[in-house]
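Engineer: Sharing a structure, written as structure tokens. Questions coming.
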Amino acid sequence: MSVSVLFLPDRITVTAEPGERLLNVAERAGVSIPTCCLKGACYVCKVEIEGEANPVRACLATVPTELLTTVHRYSTPI
Ligand code: FES
């Protein structure tokens, strides 16, 4: 079942499948998340997921099964 992912501060909502990588969902939505290694080593792509205690790496993290997931990206793209 598809879920919604809300990207802040962009205020863009996109439909995604649980298990999809957050970075792929963001790219599909036109939301820019800075990246470097794409292997989980650099933390450049870290984002905050509402309800999670610690930031996650968008290149590794997957969309959870909640109906609405709110993702807050830290960096402003250049
Ligand atoms: S791009 Fe390096 S950890 Fe995600």
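Every chain in the structure tokens has a letter given in the order shown (A, B, ...), and although residue numbers restart at 1 in each chain, ligands are simply numbered from 1 in the order shown.
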Counting only C-alpha atoms, what is within 7 Å of Glu17 in chain A, bar same-chain residues fewer than 2 positions away, as a list in words?
Structural biologist: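 Once the adjacent positions are removed, what remains is Met1, Ser2, Val3, Gly19, Glu20 and Val63 of chain A.
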Engineer: Pick out each residue of chain A that DSSP on the backbone tags as helix (DSSP H, G or I); I need them as a PyMOL selection string.
Structural biologist: chain A and resi 22-29
Engineer: Pick the closest to ligand 1 from A:Arg57, A:Arg28, A:Arg21, A:Arg11: which is it, counting only C-alpha atoms and all ligand atoms?
Structural biologist: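 Smallest separation from ligand 1 among the options: A:Arg57.
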Engineer: From the list A:Val71, A:Leu6, A:Leu23, A:Ala16, which residue is nearest Val47 in chain A when using only C-alpha atoms?
Structural biologist: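 Among the listed residues, the smallest separation from Val47 in chain A belongs to A:Val71.
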Engineer: Between chain A and ligand 1, at 6 Å or less, what are the per-residue closest atom pairs and their distances in Å? Count only C-alpha atoms and all ligand atoms, order by chain and rising residue number, and return it as JSON lines.
Structural biologist:
```
{"residue": "A:Thr35", "atom": "CA", "partner": "ligand 1", "partner_atom_place_in_ligand_line": "1 (S)", "distance": 3.9}
{"residue": "A:Cys36", "atom": "CA", "partner": "ligand 1", "partner_atom_place_in_ligand_line": "1 (S)", "distance": 4.3}
{"residue": "A:Cys37", "atom": "CA", "partner": "ligand 1", "partner_atom_place_in_ligand_line": "2 (Fe)", "distance": 4.0}
{"residue": "A:Leu38", "atom": "CA", "partner": "ligand 1", "partner_atom_place_in_ligand_line": "1 (S)", "distance": 3.7}
{"residue": "A:Lys39", "atom": "CA", "partner": "ligand 1", "partner_atom_place_in_ligand_line": "2 (Fe)", "distance": 5.5}
{"residue": "A:Gly40", "atom": "CA", "partner": "ligand 1", "partner_atom_place_in_ligand_line": "3 (S)", "distance": 3.3}
{"residue": "A:Ala41", "atom": "CA", "partner": "ligand 1", "partner_atom_place_in_ligand_line": "3 (S)", "distance": 4.5}
{"residue": "A:Cys42", "atom": "CA", "partner": "ligand 1", "partner_atom_place_in_ligand_line": "2 (Fe)", "distance": 3.9}
{"residue": "A:Tyr43", "atom": "CA", "partner": "ligand 1", "partner_atom_place_in_ligand_line": "3 (S)", "distance": 4.0}
{"residue": "A:Val44", "atom": "CA", "partner": "ligand 1", "partner_atom_place_in_ligand_line": "2 (Fe)", "distance": 5.2}
{"residue": "A:Cys45", "atom": "CA", "partner": "ligand 1", "partner_atom_place_in_ligand_line": "4 (Fe)", "distance": 4.5}
{"residue": "A:Arg57", "atom": "CA", "partner": "ligand 1", "partner_atom_place_in_ligand_line": "4 (Fe)", "distance": 5.2}
{"residue": "A:Ala58", "atom": "CA", "partner": "ligand 1", "partner_atom_place_in_ligand_line": "4 (Fe)", "distance": 5.9}
{"residue": "A:Cys59", "atom": "CA", "partner": "ligand 1", "partner_atom_place_in_ligand_line": "4 (Fe)", "distance": 4.4}
```
Engineer: For Glu52 in chain A, please output as a list in words all residues within 12 Å (counting only C-alpha atoms; exclusion window: fewer than 4 positions along the same chain).
Structural biologist: Val47, Glu48, Val56, Ala61, Pro64, Thr69, Thr70, Val71 and His72 of chain A
Engineer: Between A:Leu22, A:Leu68, A:Ala29, A:Ile12, which has the minimum distance to Glu50 in chain A (counting only C-alpha atoms)?
Structural biologist: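 Among the listed residues, the smallest separation from Glu50 in chain A belongs to A:Leu68.
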